[in-house]
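Report on one structure; see the data block that follows.
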4 protein chains.
Amino acid sequence: MHRYDLLVKGGLIVLPFHGEIRADLAVSGGRVAALASEIGTAEAAEVIDATGKIVLPGAVDAHFHIGIYRDMALDAFEETRSSLVGGATTVLSYFRTGQHYLDRTGPYKQIFPEVLEAVAGRCFTDYGFHLAPMTVEQIGEIPQLVEEHGITSYKYYMFYKGFDLAANSRDAQAFTMGDEYDLGHLFLIMEQLAAVQAARPDVRLSLSLHCEQSELMRVFIDRVRRSGAPQNLRAYSEARPPLTERVAIAEATTLAGHTGTNLNLLHLSSADALAAAATARDLHRHVDMRFETTLHHLCLDHDELDARGGLGGKVNPPIRTREHNEALWRGVRDGVVSWVASDHACCMEEHKGDLLWPARPGFGGTALLYPVLVSEGHLKRGIPLTRIAEIASANPAKAYNLWGRKGSLAVGFDADLTVVDPELTRTVTTDLLLSAQDHCPFEGAVVTGWPVATVVGGRVAYRDGEVVGSPGGAYLPRS
Amino acid sequence: MHRYDLLVKGGLIVLPFHGEIRADLAVSGGRVAALASEIGTAEAAEVIDATGKIVLPGAVDAHFHIGIYRDMALDAFEETRSSLVGGATTVLSYFRTGQHYLDRTGPYKQIFPEVLEAVAGRCFTDYGFHLAPMTVEQIGEIPQLVEEHGITSYKYYMFYKGFDLAANSRDAQAFTMGDEYDLGHLFLIMEQLAAVQAARPDVRLSLSLHCEQSELMRVFIDRVRRSGAPQNLRAYSEARPPLTERVAIAEATTLAGHTGTNLNLLHLSSADALAAAATARDLHRHVDMRFETTLHHLCLDHDELDARGGLGGKVNPPIRTREHNEALWRGVRDGVVSWVASDHACCMEEHKGDLLWPARPGFGGTALLYPVLVSEGHLKRGIPLTRIAEIASANPAKAYNLWGRKGSLAVGFDADLTVVDPELTRTVTTDLLLSAQDHCPFEGAVVTGWPVATVVGGRVAYRDGEVVGSPGGAYLPRS
Amino acid sequence: MHRYDLLVKGGLIVLPFHGEIRADLAVSGGRVAALASEIGTAEAAEVIDATGKIVLPGAVDAHFHIGIYRDMALDAFEETRSSLVGGATTVLSYFRTGQHYLDRTGPYKQIFPEVLEAVAGRCFTDYGFHLAPMTVEQIGEIPQLVEEHGITSYKYYMFYKGFDLAANSRDAQAFTMGDEYDLGHLFLIMEQLAAVQAARPDVRLSLSLHCEQSELMRVFIDRVRRSGAPQNLRAYSEARPPLTERVAIAEATTLAGHTGTNLNLLHLSSADALAAAATARDLHRHVDMRFETTLHHLCLDHDELDARGGLGGKVNPPIRTREHNEALWRGVRDGVVSWVASDHACCMEEHKGDLLWPARPGFGGTALLYPVLVSEGHLKRGIPLTRIAEIASANPAKAYNLWGRKGSLAVGFDADLTVVDPELTRTVTTDLLLSAQDHCPFEGAVVTGWPVATVVGGRVAYRDGEVVGSPGGAYLPRS
Amino acid sequence: MHRYDLLVKGGLIVLPFHGEIRADLAVSGGRVAALASEIGTAEAAEVIDATGKIVLPGAVDAHFHIGIYRDMALDAFEETRSSLVGGATTVLSYFRTGQHYLDRTGPYKQIFPEVLEAVAGRCFTDYGFHLAPMTVEQIGEIPQLVEEHGITSYKYYMFYKGFDLAANSRDAQAFTMGDEYDLGHLFLIMEQLAAVQAARPDVRLSLSLHCEQSELMRVFIDRVRRSGAPQNLRAYSEARPPLTERVAIAEATTLAGHTGTNLNLLHLSSADALAAAATARDLHRHVDMRFETTLHHLCLDHDELDARGGLGGKVNPPIRTREHNEALWRGVRDGVVSWVASDHACCMEEHKGDLLWPARPGFGGTALLYPVLVSEGHLKRGIPLTRIAEIASANPAKAYNLWGRKGSLAVGFDADLTVVDPELTRTVTTDLLLSAQDHCPFEGAVVTGWPVATVVGGRVAYRDGEVVGSPGGAYLPRS
């Protein structure tokens, strides 16, 4: 019998906040059992040779949308499979009632068990959920959701006040199937979360915000639609300009300054949004605010996508420009950005179509999480690997009450890791990503630094471009 | 023939920004013709003995509502008459289309001449108007309103997005009779004003804002209405708490930070609102922001009013508490507050009634402008007379393009002045104020420092409690 | 008999903090008796036609050195005569014991009466003194100096810790003839001033500081002297670089932050010094700090002077460069600089000589005060005339307890004024300035905007380039 | 043969910046070879049972004075022995020429090898040196000292400008045996360090500062000496008040703002000093500034020491009060303080004596480093163990180029560690500390949380109150 189940040998282990160490890593019972300068291959049932490779804690893809546009079980299977390609071993998926997902409303005590059941046994990664209270009744459910399901993070979508998801209809209530969904509703959520937090000081209860202001969107969308200009991704960005983010951030953070609610400002897309967020954090120092951006907001430019054609890159908030990309990279380097996520939402070509306004927003990206961060962040921009591990794994783990299990590779943590070959260069294709999605806005990008093995809970789940074994991910209650 | 029309002899002349001087002041042709250490009484047709008195530039009551609830001509006559009692010699009245006022909508090119005609020859003070663009069409009229009527200040009411004036109905559009009235509309106004400003650098074009956020009001109003607590002025304050001001200020100043539009934040009612305004000014240093508060927000406490009973003190934003009063006085002293106005709106007892929610908001106060500032500000809190003259007269004159004519008593300025007896003590009664209004929230206050003579354009218009002569005020185009 | 002694007719009167008015100004009994839109020429014994001219309050030249290098009585006569040319009607002169001036030491109760006697009846302007306590005994004299002589401003020279005035000797004590003269001494002065201030809240007691750090000067002077480079004005600037000002400002303001002493930071010469001063004011908001710069630091460039040759421009702190000039002008415009002075010290060519290090520092400039500010500040850089009057007259008057008599032209103020022709252009020559000094660093400058008449205490003292009458200036006790 | 030399079994391992983990730690070849959830006792030659204990990285006592008052070899032996008691496994000692230490001056290329020779084979801990350039010649030696001896940190003593070490003589130069030792000298050091840093971006070259301003000390010392009050530790604190620290910090940081030199502000003793340091860091964000405080400034109060009598607590800067203690603890908690050191200087009772002014300053404390931090910081004030490990070990290791070897217990780091029993309570006595010093200012303090074993380079050097084996520490070049 072997002492260890798995040995990752000869790699450069990245410990977030601490540094890189040359060590062998051994796994037992699904956890990191040892880090040592030398562990014999004979001691382990299975060995991954990581010589010349980087061993990173599995990414915690903190912004995911399992089943938003497709059968939830199928989506869970195919899209967490894609996560393995990107070195993500945990996904935290947003779920809400209303159109898309399960296409209905009701109390979470009825609906959420269905969600859990749908995805159970279907995920290749560990997984958890953030929930969005769309009705006053659902706000009332928060204490039970915390206690019974370990849901410690919630969401409010600032633009559903006036628009549906595609910004193609202003009948928002038909879309949300919810109650009056405005800053008043947001206030009620914040107040509730602050109250529950006071009773549960041992966890971080937080509210995630999609920050785009719908009343301003109205004006800019009208202007763009009537302008006669091509209705492409540039138009979409002009129709939801950074100003809508700034105003939304000002609104929400002023409320949080009052209630004291912990915030996560999601997918900040622009230099303006990031600056507004940083200013808000300075103004409200007593509020715990964390800031997310995404791979696509770090890397894509709407003019380049428009030059290639197609609406695959429609997403909320929109893709901006190179200048915004660089401002966000600076935020990653300087520590202003707390984490980077994929905002993965598998959206097929057929639902994009040829017309901007009906096109569904969102697309996948989880398969590129570490590859893009290593390639664009570490190799090209000199961001240290420890910082890469912090923004991909440790910081979201801490924010969402997973630290100690997820986010690092110290002894005792879950054996969730990915072995990255820093010299492996590949051009992004749809096939490479093992997602169901039949197109990819990153297509053609040349990326260096890909996972060659991804381990979930001590099991090798992905190796050399292939998925290994069946979905073994578990649900993560977080309180 | 006399050299001068009028001589104000022996007083202490208050020159804003400069100081107090002992001098005689002579008037000729409606203007200040001389300030001298000694002017003989024989040199003037008429003499006011100001020995032992303070001579202040006539107040510019920058926030007034002629005709909001009553016949415009009658209101102009009776309420500018009341201004004389308070030492105000200019009023700047807000006008808008929609319910109240003329109770209809339409382009200002049709409606505004009617307004001018209604009040012409009916005002005891000089007067001007701020206009509120309630429709997109009216926004388009701004360039002509600047050029043809000298309208350089406009207004947006942040809570009409969701409520009527009394906060008794959520059918705001029936009330405004306007277009979609939200932050999008506000943005369009700001954008327009910034464009016109660029073409007219010689004047200050500004947007005045009523800062209360309607979506939050919704939540708090519902809560208060369902609470079972007495529906009184305390309830009204809780239904529109300072948080609604803070969020509204955050929204509007973020927009102005983008467009560069000059702002006047009106009737800040609370410590919170003033702090939020000051913070916004620091954040957006390139934006010219000025801050207004009112006599009632400086002096009244809802619990004291509730103890006396009645809903006369219903006003938007609501009366707060002593603690907020003092925070606002600190703002007056420290220079954070730019000016103090009355927000005068003659509202009869019958329109207040016994029920909080249908009661009309607003009341008069112009007759107390200098008396309260001298009594409570100068005598009780040690605020220098120069600062009193700045906040009552010079600062609004500068903000609204009247400086050079209004706001001071240097040679060449309009001979608009008031002679205040710093030792005259009176208890406020409704009769004293010469307004049509049949009640007064300040009733019973003991005030020291009343005008004994008010001069408009060189004519004595008020003396020893009596109006003298007929309405001689003129319209003030301001560009 | 005439009603008025003097009439200044038809000019544009500049009232600091308030604005410009077209008015006639009449004088009686040495004071401004009337400002009026029209005063008949027959009413005055003497008339100055100021049509097309600017009438400014006489400058208060707040930094002067009567008798530093010459007989005090002679210097008082010849150099305050020069002040009239520049529109200065008050000079505030620094005096200290030690080398130069009276070339001895001792208690001020003995020495200061001699100073007063020497200059009595010899000054064309009103005059006052700032005194520098060079010994612990003199620090002890401050309370009496305040009470008996109305001395409310004192001085500390930060570089006398290690150098003499010319920076040619390190035997500083032989120069100061004083006690240990270091930050300890400075602290004792500050502590004393704060104590006396507490007992006399009715006046502003302040400490003026020459900010250059001698220990750093040591290093840079050594370096420059040994460098082999030409020992010219550029070398002098490099030998006392802006860093010496920054460190001195940091030292002194930290001390004042502790004692609460009011400060005047004198003749800030560089962008760095001004920025350090502004930072210090932000850090120590409870300390009243005012900032001075000089005409030469605003206008002269050492390379241009070196190109012309000569050491006439040697001064402490040194002349810098165009870049620093412009930074200081921005400070004047933005309000960071409180006032501009001449730092007038009549220093003859023979005491400059050909060698940098023995050359005496300082030169005259009082004759250029308004001409340069109007020409370079108002006409060339668009600084408003009110601001010009504030930095030349009103602000130093306020800082040094002369406001109410000096600093403005409101009724009741001393009739100290200058009538400037804004179209009169002259090239600066030594002769033009009516000083005894036989050279001038400003020589050759083309300046537009010269006084055509200067009035002191109601008497015309200077007109069209000629002094009129005998010295009539009076001593100004200031408490 | 055993796989490992040493096994630390069952403890709570503290990884700075990362967290606490339950793991066994194995050592091989002097380095941490493995961290694992389970390592068998049979695998190691020697086992420490750490069950219920805390395993901390050996402290890096960053401020030490080997041989300041005694034979260097003897002091190295006896005082690094004492370090083991406190869990310190590395000491960084300050050395300078002048009085004390070797009592002579000269170039470091001659003197420093003598120092190294004197201590070689005499230290129980690893050790390094900071050097103070007392002469211009020594400043010139810096590049060689970096390259040949790996000296990356230097020191300047701000009060040697005017006083000797005991503040008993003002003949500072007799004491330093150096060149002119003032801000000019400091500037030359900074300039040199910045130049060398530019050539060696791979290391952190830094200047450590003793921040007390001697000119102010002069005034306060005179005042205290003449006051007639008891000349005790309270008097000593009043003679060198926090103001002297603030001014010194302002001077030095302004210079560093100019040169860009990395700073370590040593032994900040007061709330004022810490606030001034934090302000300076904000003002000069481009300068890398780190802040040190000491055990005694965190824990001792001069009135309590005076009540017990004796001058053993004389130290520079002086012991302050409880209020200052708590401000410094807040700095430790909040992250403003970078590290805590002992400033250990073995000073015998006979050199303290009965008279304040001749008494030698300084005393030992290294034996209390972890005990006091665990007892007072962790157990009493709730500061997390990770932060304790950062301020005692990781932060000084990073600042002084030892990270990777010292400062943590990750695989590959030197096996320098201490096993602390968090329940072991002892009252401090002189004997307990294993120092030569015959008194102790901390005597009588009840402290909980003592090392029961200290391991240096994998060898157990101290166990259960006894030193084990002979001195095995090595010199640490740091570049």
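By order of appearance in the structure tokens: chains A, B, ..., then residues from 1 within every chain, and ligands from 1 in the order shown.
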
(message) Give me, as a count of residues only, all polymer residues having an atom no more than 8 Å from region 156-160 of chain A, counting only C-alpha atoms and skipping those fewer than 4 positions away in the same chain.
(response) 18

Between chain A and chain B, at 10 Å or less, what are the per-residue closest atom pairs and their distances in Å? Count only C-alpha atoms, order by chain and rising residue number, and return it as CSV.
```
residue,atom,partner,partner_atom,distance
A:Glu180,CA,B:Glu215,CA,9.4
A:Tyr181,CA,B:Glu215,CA,9.3
A:Asp182,CA,B:Glu215,CA,6.3
A:Leu183,CA,B:Glu215,CA,5.5
A:Gly184,CA,B:Leu216,CA,4.5
A:His185,CA,B:Val219,CA,7.8
A:Leu186,CA,B:Leu216,CA,9.0
A:Phe187,CA,B:Leu216,CA,7.4
A:Leu188,CA,B:Val219,CA,8.1
A:Gln213,CA,B:Leu183,CA,8.9
A:Ser214,CA,B:Gly184,CA,8.5
A:Glu215,CA,B:Gly184,CA,5.0
A:Leu216,CA,B:Gly184,CA,4.5
A:Met217,CA,B:Gly184,CA,7.6
A:Arg218,CA,B:Gly184,CA,6.6
A:Val219,CA,B:Gly184,CA,5.5
A:Phe220,CA,B:Gly184,CA,8.4
A:Leu243,CA,B:His258,CA,7.5
A:Thr244,CA,B:Leu255,CA,9.3
A:Arg246,CA,B:Thr254,CA,7.2
A:Val247,CA,B:Glu251,CA,5.8
A:Ala248,CA,B:Glu251,CA,8.0
A:Ile249,CA,B:Glu251,CA,9.3
A:Ala250,CA,B:Ala250,CA,5.8
A:Glu251,CA,B:Val247,CA,5.8
A:Ala252,CA,B:Val247,CA,8.4
A:Thr253,CA,B:Val247,CA,9.1
A:Thr254,CA,B:Val247,CA,6.0
A:Leu255,CA,B:Val247,CA,7.1
A:Gly257,CA,B:Leu243,CA,10.0
A:His258,CA,B:Leu243,CA,7.6
A:Ala276,CA,B:Thr254,CA,9.5
A:Thr279,CA,B:Leu283,CA,8.5
A:Leu283,CA,B:Thr279,CA,8.5
```

(message) So that I can see what lies close to Arg31 (chain D), please list as a list of chain:residue names the residues with an atom at most 10 Å from it, counting only C-alpha atoms and leaving out residues fewer than 4 positions away in the same chain.
(response)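 Residues meeting the cut-off are A:Ser37, D:Asp5, D:Ala26, D:Val27, D:Arg405, D:Leu409, D:Ala410, D:Val411, D:Gly412, D:Phe413, D:Asp414, D:Ala415, D:Asp416, D:Val456, D:Gly457, D:Gly458.
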
(request) Identify, on the basis of only C-alpha atoms, every residue whose closest approach to Val337 (chain B) does not exceed 7 Å; exclude the query and any residue fewer than 4 positions from it along the same chain; express the result as a list in words. (result)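 Surrounding residues, per the criterion: Phe291, Glu292, Thr293, Gly331 and Val332 of chain B.
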
(request) Give me every alpha helix (DSSP H) residue in region 99-268 of chain C, going by DSSP on the backbone, as a VMD selection string. (result) chain C and resid 108 to 119 136 to 140 142 to 149 172 to 176 183 to 199 214 to 226 233 to 239 242 to 259

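Our summary of the geometry notes that CA of Val8 (chain C) is positioned 27.6 Å from CA of Glu46 (chain B).
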
(message) Taking only C-alpha atoms into account, name the residue in D:Thr152, D:Asp171, D:Ala474, D:Arg234 that is nearest to Asp202 (chain D).
(response)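 Smallest distance to Asp202 (chain D) is found for D:Thr152.
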
(message) Just list as number ranges by chain whatever in region 163-409 of chain D DSSP marks as strand (DSSP E).
(response) D: 206-210, 262-265, 289-294, 339-341

Show me, as a PDB file with C-alpha atoms, in the first residue's frame, the residues that have an atom within 8 Å of region 379-385 of chain A when counting only C-alpha atoms, minus same-chain residues fewer than 4 positions from it.
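Printed below is around35.pdb as written:
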```pdb
ATOM      1  CA  VAL A  14       3.015  28.578  -5.668  1.00  0.00           C
ATOM      2  CA  GLU A  20       7.168  30.000  -4.669  1.00  0.00           C
ATOM      3  CA  ARG A 333      -0.915  44.229 -10.485  1.00  0.00           C
ATOM      4  CA  VAL A 374      -0.162  33.194 -16.809  1.00  0.00           C
ATOM      5  CA  SER A 375       0.328  34.188 -20.427  1.00  0.00           C
ATOM      6  CA  ALA A 389      -2.574  32.500  -7.488  1.00  0.00           C
TER       7      ALA A 389
END
```

Residues within 12 Å of Lys398 (chain A), only C-alpha atoms, excluding chain neighbours under 4 positions, as an mmCIF file with C-alpha atoms, in the first residue's frame:
```
data_model
loop_
_atom_site.group_PDB
_atom_site.id
_atom_site.type_symbol
_atom_site.label_atom_id
_atom_site.label_comp_id
_atom_site.auth_asym_id
_atom_site.auth_seq_id
_atom_site.Cartn_x
_atom_site.Cartn_y
_atom_site.Cartn_z
ATOM 1 C CA PRO A 16 -0.302 32.647 -2.351
ATOM 2 C CA VAL A 60 -11.821 29.230 -7.800
ATOM 3 C CA ALA A 62 -15.996 32.861 -8.644
ATOM 4 C CA THR A 152 -23.135 33.210 2.099
ATOM 5 C CA VAL A 203 -18.541 33.968 8.093
ATOM 6 C CA ARG A 204 -18.408 36.710 5.489
ATOM 7 C CA LEU A 205 -21.874 37.390 4.169
ATOM 8 C CA SER A 206 -21.659 39.454 1.038
ATOM 9 C CA ARG A 290 -13.879 43.504 -3.092
ATOM 10 C CA SER A 338 -9.413 41.301 -5.789
ATOM 11 C CA TRP A 339 -9.946 38.500 -8.245
ATOM 12 C CA GLU A 390 -4.136 35.127 -5.242
ATOM 13 C CA ILE A 391 -6.432 36.594 -7.876
ATOM 14 C CA ALA A 392 -7.380 33.250 -9.382
ATOM 15 C CA SER A 393 -7.747 31.241 -6.232
ATOM 16 C CA ALA A 394 -6.881 32.525 -2.768
ATOM 17 C CA LEU A 402 -13.641 28.592 1.342
ATOM 18 C CA TRP A 403 -10.176 29.443 2.658
ATOM 19 C CA GLY A 404 -8.639 26.580 4.601
ATOM 20 C CA ARG A 405 -9.993 24.168 2.016
ATOM 21 C CA LYS A 406 -9.579 26.103 -1.208
ATOM 22 C CA GLY A 407 -7.196 28.796 -2.335
ATOM 23 C CA SER A 408 -3.803 27.383 -1.441
ATOM 24 C CA ARG A 478 -20.037 27.770 2.935
ATOM 25 C CA HIS D 18 -0.679 32.595 4.952
ATOM 26 C CA GLY D 19 -2.048 31.071 8.121
#
```

(request) Just the residues within 9 Å of region 324-327 of chain B, please, counting only C-alpha atoms, with nothing from its chain fewer than 6 positions along; format it as JSON, numbers by chain. (result) {"B": [269, 270, 271, 272, 274, 296, 297, 298, 299, 300, 301]}

(request) Please measure the separation of CA of Arg200 (chain A) and CA of Asn401 (chain A), giving the value in Å to one decimal. (result)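 CA of Asn401 (chain A) lies at a distance of 12.4 Å from CA of Arg200 (chain A).
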
Could you build a table of the residues in region 294-382 of chain D lying no more than 12 Å from region 100-115 of chain D, giving for each the nearest pair of atoms and their separation in Å rounded to one decimal place, using only C-alpha atoms, ordered by chain and ascending residue number, as a tab-separated table?
```
residue	atom	partner	partner_atom	distance
D:Ala345	CA	D:Tyr101	CA	11.0
D:Cys346	CA	D:Tyr101	CA	11.9
D:Cys347	CA	D:His100	CA	11.6
D:Arg360	CA	D:His100	CA	10.6
D:Pro361	CA	D:His100	CA	11.9
```

Take the residues from that selection and put them in a file with all heavy atoms, as an mmCIF file, in the first residue's frame.
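Output contents, as saved in part_36.cif:
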```cif
data_model
loop_
_atom_site.group_PDB
_atom_site.id
_atom_site.type_symbol
_atom_site.label_atom_id
_atom_site.label_comp_id
_atom_site.auth_asym_id
_atom_site.auth_seq_id
_atom_site.Cartn_x
_atom_site.Cartn_y
_atom_site.Cartn_z
ATOM 1 N N ALA D 345 21.150 45.515 24.118
ATOM 2 C CA ALA D 345 22.497 46.012 24.399
ATOM 3 C C ALA D 345 22.789 45.656 25.845
ATOM 4 O O ALA D 345 22.255 46.280 26.766
ATOM 5 C CB ALA D 345 22.570 47.522 24.191
ATOM 6 N N CYS D 346 23.609 44.698 26.029
ATOM 7 C CA CYS D 346 23.898 44.226 27.389
ATOM 8 C C CYS D 346 24.649 45.314 28.150
ATOM 9 O O CYS D 346 25.758 45.709 27.779
ATOM 10 C CB CYS D 346 24.728 42.943 27.307
ATOM 11 S SG CYS D 346 25.215 42.355 28.948
ATOM 12 N N CYS D 347 24.013 45.806 29.200
ATOM 13 C CA CYS D 347 24.572 46.941 29.941
ATOM 14 C C CYS D 347 24.461 46.624 31.424
ATOM 15 O O CYS D 347 23.366 46.511 31.969
ATOM 16 C CB CYS D 347 23.793 48.206 29.582
ATOM 17 S SG CYS D 347 24.385 49.687 30.398
ATOM 18 N N ARG D 360 24.755 54.736 31.365
ATOM 19 C CA ARG D 360 24.747 54.255 29.987
ATOM 20 C C ARG D 360 23.325 53.845 29.586
ATOM 21 O O ARG D 360 22.614 53.215 30.377
ATOM 22 C CB ARG D 360 25.666 53.054 29.841
ATOM 23 C CG ARG D 360 27.127 53.433 29.861
ATOM 24 C CD ARG D 360 27.978 52.212 29.556
ATOM 25 N NE ARG D 360 29.395 52.600 29.566
ATOM 26 C CZ ARG D 360 30.403 51.747 29.483
ATOM 27 N NH1 ARG D 360 30.155 50.440 29.395
ATOM 28 N NH2 ARG D 360 31.646 52.171 29.478
ATOM 29 N N PRO D 361 22.952 54.165 28.383
ATOM 30 C CA PRO D 361 21.614 53.779 27.923
ATOM 31 C C PRO D 361 21.615 52.367 27.348
ATOM 32 O O PRO D 361 22.649 51.865 26.913
ATOM 33 C CB PRO D 361 21.316 54.793 26.836
ATOM 34 C CG PRO D 361 22.651 55.137 26.285
ATOM 35 C CD PRO D 361 23.654 55.013 27.417
#
```
